[in-house]
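Participant: Let me begin by handing over the structure; questions about it come next.
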Amino acid sequence: SVGQRVVDFENQVAEFTGASYAVAVVNGTAALQVALRVAGVLPGDEVITQDLTFVATANAIRHLNASPVFLFVYLDTMGLSPRSALAYLESHAKVTDRGAVNKSTGKRISACVPMHTFGNPLRVEALKFICEEWKVALVEDAAESLGSYIGDKHTGTFGELGILSFNGNKVITTGGGGMIITNDKNLADHAKHLTTTAK
Ligand SMILES: *Cc1c(COP(=O)(O)O)cnc(C)c1O
């Protein structure tokens, strides 16, 4: 978590992805947990994710004592279907002063975590539009998509935050490691604070 090489790596990842800030974390799962936390996910919340993903996506949600809501992916992108997210929100949610709330459970639907499967970009622009309309934070699981762009914009930079993994099975590896990327200085500072023992 400390040392010039960590800072250099953070700067290189920020430059490569075009994100304003990058925060190094022990692994991709922890990156997701911290990203969701700084995005405002609280214990008891519901978090939308996709039914085709690596288990870490759901684990990170559960590590915050929130509940994953599994929605469909598109066959072509293997990523969360914006249509499925919209249908879920229209039938289950209402926007209140606490953000989106599930009408039947009364729980906040505080975030949405889509995943760019095997580096294939999902339709994240449409999803972002829906998340903004419904006041749901968008956190992209880009653990598998370092080097994948939509146009000239890197995956993981569409939402409030995105995360990368540098585990041994990923595009590049640090043995184990992860990174949170964001354009929001407050979110980056909060993430850095939490991941450096909140001193
Ligand atoms: C690998 C992976 C993670 C977790 O990364 P770790 O560094 O192994 O904790 C999260 N999400 C997806 C989609 C992954 O493929």
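Residue numbers start at 1 in each chain; chains themselves are named A, B, ... in the order of the structure tokens; ligands are numbered from 1 in the order shown.
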If you count only C-alpha atoms and all ligand atoms, which residues end up within 7 Å of ligand 1, as an MDAnalysis selection string?

Facilitator: chainID A and resid 27:30 53:54 56:57 115 117 141:144 165:167 170 176:178

Participant: So which bits of region 50-191 of chain A end up strand (DSSP E or B) when you DSSP the backbone, as a VMD selection string?

Facilitator: chain A and resid 50 67 to 71 73 80 93 to 96 99 to 102 108 to 113 115 137 to 141 149 to 150 153 to 154 161 to 165 178 to 182

Participant: Restricting it to C-alpha atoms, dump the selection as a PDB file, in the first residue's frame.

Facilitator:
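Produced file out_21.pdb, reproduced below:
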```pdb
ATOM      1  CA  GLN A  50     -25.585  -9.617 -13.480  1.00  0.00           C
ATOM      2  CA  SER A  67     -27.894  -8.165  -1.148  1.00  0.00           C
ATOM      3  CA  PRO A  68     -27.129  -8.862  -4.803  1.00  0.00           C
ATOM      4  CA  VAL A  69     -30.012  -8.700  -7.276  1.00  0.00           C
ATOM      5  CA  PHE A  70     -29.114 -10.887 -10.271  1.00  0.00           C
ATOM      6  CA  LEU A  71     -30.389  -9.663 -13.631  1.00  0.00           C
ATOM      7  CA  VAL A  73     -27.019 -10.448 -19.481  1.00  0.00           C
ATOM      8  CA  LEU A  80     -25.740  -6.752 -17.994  1.00  0.00           C
ATOM      9  CA  ALA A  93     -38.493   0.589  -7.546  1.00  0.00           C
ATOM     10  CA  LYS A  94     -39.492   4.146  -6.864  1.00  0.00           C
ATOM     11  CA  VAL A  95     -37.205   7.170  -6.514  1.00  0.00           C
ATOM     12  CA  THR A  96     -37.401   8.765  -3.074  1.00  0.00           C
ATOM     13  CA  GLY A  99     -32.610   7.375  -3.753  1.00  0.00           C
ATOM     14  CA  ALA A 100     -34.144   4.345  -5.429  1.00  0.00           C
ATOM     15  CA  VAL A 101     -36.117   2.138  -3.033  1.00  0.00           C
ATOM     16  CA  ASN A 102     -37.565  -1.336  -3.609  1.00  0.00           C
ATOM     17  CA  ARG A 108     -32.555   1.079  -0.940  1.00  0.00           C
ATOM     18  CA  ILE A 109     -31.319  -0.046  -4.352  1.00  0.00           C
ATOM     19  CA  SER A 110     -28.124   1.923  -3.981  1.00  0.00           C
ATOM     20  CA  ALA A 111     -25.839   0.673  -6.741  1.00  0.00           C
ATOM     21  CA  CYS A 112     -25.517  -1.300  -9.935  1.00  0.00           C
ATOM     22  CA  VAL A 113     -22.412  -3.399 -10.709  1.00  0.00           C
ATOM     23  CA  MET A 115     -19.250  -6.615 -15.506  1.00  0.00           C
ATOM     24  CA  ALA A 137     -24.690   4.555  -8.409  1.00  0.00           C
ATOM     25  CA  LEU A 138     -22.896   2.824 -11.281  1.00  0.00           C
ATOM     26  CA  VAL A 139     -19.762   0.864 -10.319  1.00  0.00           C
ATOM     27  CA  GLU A 140     -18.164  -1.056 -13.204  1.00  0.00           C
ATOM     28  CA  ASP A 141     -16.476  -4.378 -12.600  1.00  0.00           C
ATOM     29  CA  TYR A 149     -12.532   0.495 -24.923  1.00  0.00           C
ATOM     30  CA  ILE A 150     -15.861   1.775 -26.164  1.00  0.00           C
ATOM     31  CA  LYS A 153     -13.121   5.587 -23.633  1.00  0.00           C
ATOM     32  CA  HIS A 154     -11.733   2.803 -21.458  1.00  0.00           C
ATOM     33  CA  LEU A 161     -16.074   4.220 -10.102  1.00  0.00           C
ATOM     34  CA  GLY A 162     -14.604   1.189 -11.821  1.00  0.00           C
ATOM     35  CA  ILE A 163     -12.317  -1.563 -10.626  1.00  0.00           C
ATOM     36  CA  LEU A 164      -9.509  -3.636 -12.129  1.00  0.00           C
ATOM     37  CA  SER A 165      -7.890  -6.868 -10.943  1.00  0.00           C
ATOM     38  CA  GLY A 178      -6.504  -4.505  -7.720  1.00  0.00           C
ATOM     39  CA  MET A 179      -7.207  -0.889  -8.578  1.00  0.00           C
ATOM     40  CA  ILE A 180     -10.091   1.506  -8.142  1.00  0.00           C
ATOM     41  CA  ILE A 181     -10.409   4.088 -10.911  1.00  0.00           C
ATOM     42  CA  THR A 182     -12.567   7.210 -10.821  1.00  0.00           C
TER      43      THR A 182
END
```

Participant: Can you pull out the residues contacting Ser84 (chain A)? Cut-off 12 Å, using only C-alpha atoms, and skip same-chain residues under 6 positions away; I want them as a ChimeraX atom specification.

Facilitator: /A:48-51,69-74,90-92,114,123,126-127,130

Participant: Write the residues you've just listed into a file as a PDB file, in the first residue's frame, and include N, CA, C and O atoms for each of them.

Facilitator:
```pdb
ATOM      1  N   ILE A  48     -27.808  -4.098  -7.687  1.00  0.00           N
ATOM      2  CA  ILE A  48     -28.063  -4.810  -8.948  1.00  0.00           C
ATOM      3  C   ILE A  48     -26.740  -5.291  -9.532  1.00  0.00           C
ATOM      4  O   ILE A  48     -25.763  -4.541  -9.590  1.00  0.00           O
ATOM      5  N   THR A  49     -26.711  -6.541  -9.948  1.00  0.00           N
ATOM      6  CA  THR A  49     -25.566  -7.042 -10.691  1.00  0.00           C
ATOM      7  C   THR A  49     -26.067  -8.034 -11.740  1.00  0.00           C
ATOM      8  O   THR A  49     -27.279  -8.139 -11.958  1.00  0.00           O
ATOM      9  N   GLN A  50     -25.164  -8.735 -12.395  1.00  0.00           N
ATOM     10  CA  GLN A  50     -25.585  -9.617 -13.480  1.00  0.00           C
ATOM     11  C   GLN A  50     -25.429 -11.075 -13.091  1.00  0.00           C
ATOM     12  O   GLN A  50     -24.604 -11.419 -12.234  1.00  0.00           O
ATOM     13  N   ASP A  51     -26.238 -11.916 -13.745  1.00  0.00           N
ATOM     14  CA  ASP A  51     -26.263 -13.337 -13.368  1.00  0.00           C
ATOM     15  C   ASP A  51     -25.090 -14.120 -13.952  1.00  0.00           C
ATOM     16  O   ASP A  51     -24.822 -15.236 -13.525  1.00  0.00           O
ATOM     17  N   VAL A  69     -28.830  -8.423  -6.462  1.00  0.00           N
ATOM     18  CA  VAL A  69     -30.012  -8.700  -7.276  1.00  0.00           C
ATOM     19  C   VAL A  69     -29.482  -9.107  -8.646  1.00  0.00           C
ATOM     20  O   VAL A  69     -28.828  -8.313  -9.318  1.00  0.00           O
ATOM     21  N   PHE A  70     -29.706 -10.360  -9.033  1.00  0.00           N
ATOM     22  CA  PHE A  70     -29.114 -10.887 -10.271  1.00  0.00           C
ATOM     23  C   PHE A  70     -30.050 -10.679 -11.454  1.00  0.00           C
ATOM     24  O   PHE A  70     -31.161 -11.203 -11.459  1.00  0.00           O
ATOM     25  N   LEU A  71     -29.593  -9.912 -12.429  1.00  0.00           N
ATOM     26  CA  LEU A  71     -30.389  -9.663 -13.631  1.00  0.00           C
ATOM     27  C   LEU A  71     -29.696 -10.253 -14.851  1.00  0.00           C
ATOM     28  O   LEU A  71     -28.513 -10.594 -14.817  1.00  0.00           O
ATOM     29  N   PHE A  72     -30.435 -10.301 -15.958  1.00  0.00           N
ATOM     30  CA  PHE A  72     -29.958 -10.980 -17.169  1.00  0.00           C
ATOM     31  C   PHE A  72     -28.820 -10.241 -17.865  1.00  0.00           C
ATOM     32  O   PHE A  72     -28.731  -9.024 -17.803  1.00  0.00           O
ATOM     33  N   VAL A  73     -28.009 -11.029 -18.568  1.00  0.00           N
ATOM     34  CA  VAL A  73     -27.019 -10.448 -19.481  1.00  0.00           C
ATOM     35  C   VAL A  73     -27.542 -10.611 -20.910  1.00  0.00           C
ATOM     36  O   VAL A  73     -28.412 -11.446 -21.175  1.00  0.00           O
ATOM     37  N   TYR A  74     -26.995  -9.799 -21.817  1.00  0.00           N
ATOM     38  CA  TYR A  74     -27.231  -9.995 -23.251  1.00  0.00           C
ATOM     39  C   TYR A  74     -26.326 -11.109 -23.741  1.00  0.00           C
ATOM     40  O   TYR A  74     -25.182 -11.237 -23.292  1.00  0.00           O
ATOM     41  N   GLU A  90     -38.369  -0.376 -13.129  1.00  0.00           N
ATOM     42  CA  GLU A  90     -39.739   0.090 -13.383  1.00  0.00           C
ATOM     43  C   GLU A  90     -40.764  -0.741 -12.628  1.00  0.00           C
ATOM     44  O   GLU A  90     -41.764  -0.222 -12.158  1.00  0.00           O
ATOM     45  N   SER A  91     -40.510  -2.040 -12.480  1.00  0.00           N
ATOM     46  CA  SER A  91     -41.511  -2.866 -11.806  1.00  0.00           C
ATOM     47  C   SER A  91     -41.303  -2.938 -10.294  1.00  0.00           C
ATOM     48  O   SER A  91     -42.246  -3.185  -9.553  1.00  0.00           O
ATOM     49  N   HIS A  92     -40.076  -2.691  -9.789  1.00  0.00           N
ATOM     50  CA  HIS A  92     -39.825  -2.880  -8.358  1.00  0.00           C
ATOM     51  C   HIS A  92     -39.484  -1.619  -7.583  1.00  0.00           C
ATOM     52  O   HIS A  92     -39.506  -1.630  -6.363  1.00  0.00           O
ATOM     53  N   PRO A 114     -22.344  -3.763 -13.110  1.00  0.00           N
ATOM     54  CA  PRO A 114     -22.249  -4.607 -14.306  1.00  0.00           C
ATOM     55  C   PRO A 114     -20.807  -5.067 -14.485  1.00  0.00           C
ATOM     56  O   PRO A 114     -19.897  -4.514 -13.870  1.00  0.00           O
ATOM     57  N   ARG A 123     -23.105  -2.808 -22.761  1.00  0.00           N
ATOM     58  CA  ARG A 123     -23.716  -1.554 -23.233  1.00  0.00           C
ATOM     59  C   ARG A 123     -23.829  -0.592 -22.047  1.00  0.00           C
ATOM     60  O   ARG A 123     -24.906  -0.349 -21.506  1.00  0.00           O
ATOM     61  N   ALA A 126     -25.913   3.062 -22.185  1.00  0.00           N
ATOM     62  CA  ALA A 126     -27.360   2.979 -21.957  1.00  0.00           C
ATOM     63  C   ALA A 126     -27.642   2.723 -20.478  1.00  0.00           C
ATOM     64  O   ALA A 126     -28.558   3.303 -19.881  1.00  0.00           O
ATOM     65  N   LEU A 127     -26.819   1.871 -19.881  1.00  0.00           N
ATOM     66  CA  LEU A 127     -27.004   1.549 -18.464  1.00  0.00           C
ATOM     67  C   LEU A 127     -26.757   2.772 -17.587  1.00  0.00           C
ATOM     68  O   LEU A 127     -27.473   3.014 -16.605  1.00  0.00           O
ATOM     69  N   ILE A 130     -29.746   4.999 -17.519  1.00  0.00           N
ATOM     70  CA  ILE A 130     -30.803   4.444 -16.658  1.00  0.00           C
ATOM     71  C   ILE A 130     -30.442   4.657 -15.180  1.00  0.00           C
ATOM     72  O   ILE A 130     -31.275   5.075 -14.377  1.00  0.00           O
TER      73      ILE A 130
END
```

Participant: Just the residues within 7 Å of Ser148 (chain A), please, counting only C-alpha atoms, with nothing from its chain fewer than 2 positions along; format it as a tab-separated table (two decimals) with all heavy atoms, in the first residue's frame.

Facilitator:
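The new file part.tsv reads:
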```tsv
chain	number	residue	atom	x	y	z
A	119	GLY	N	-13.49	-9.16	-21.13
A	119	GLY	CA	-13.02	-8.00	-21.87
A	119	GLY	C	-13.98	-7.49	-22.93
A	119	GLY	O	-13.67	-6.54	-23.65
A	121	PRO	N	-16.89	-5.27	-23.89
A	121	PRO	CA	-17.61	-4.17	-23.28
A	121	PRO	C	-19.12	-4.39	-23.31
A	121	PRO	O	-19.67	-4.78	-24.35
A	121	PRO	CB	-17.23	-2.96	-24.14
A	121	PRO	CG	-15.97	-3.35	-24.84
A	121	PRO	CD	-16.07	-4.83	-25.04
A	145	SER	N	-11.26	-6.44	-18.05
A	145	SER	CA	-11.32	-5.66	-19.29
A	145	SER	C	-10.27	-4.55	-19.40
A	145	SER	O	-10.50	-3.56	-20.09
A	145	SER	CB	-12.73	-5.10	-19.50
A	145	SER	OG	-13.07	-4.18	-18.51
A	146	LEU	N	-9.12	-4.74	-18.76
A	146	LEU	CA	-8.03	-3.79	-18.99
A	146	LEU	C	-7.68	-3.83	-20.48
A	146	LEU	O	-7.46	-4.91	-21.05
A	146	LEU	CB	-6.80	-4.17	-18.16
A	146	LEU	CG	-5.61	-3.21	-18.26
A	146	LEU	CD1	-5.93	-1.85	-17.66
A	146	LEU	CD2	-4.38	-3.80	-17.57
A	154	HIS	N	-12.06	4.10	-22.06
A	154	HIS	CA	-11.73	2.80	-21.46
A	154	HIS	C	-12.88	2.29	-20.58
A	154	HIS	O	-13.50	3.08	-19.85
A	154	HIS	CB	-10.46	2.94	-20.62
A	154	HIS	CG	-9.82	1.62	-20.30
A	154	HIS	ND1	-10.29	0.77	-19.33
A	154	HIS	CD2	-8.77	0.98	-20.88
A	154	HIS	CE1	-9.54	-0.33	-19.30
A	154	HIS	NE2	-8.60	-0.22	-20.23
A	155	THR	N	-13.13	0.98	-20.66
A	155	THR	CA	-14.12	0.38	-19.77
A	155	THR	C	-13.70	0.63	-18.31
A	155	THR	O	-12.51	0.63	-17.98
A	155	THR	CB	-14.21	-1.13	-20.01
A	155	THR	OG1	-12.89	-1.69	-20.00
A	155	THR	CG2	-14.88	-1.45	-21.33
```
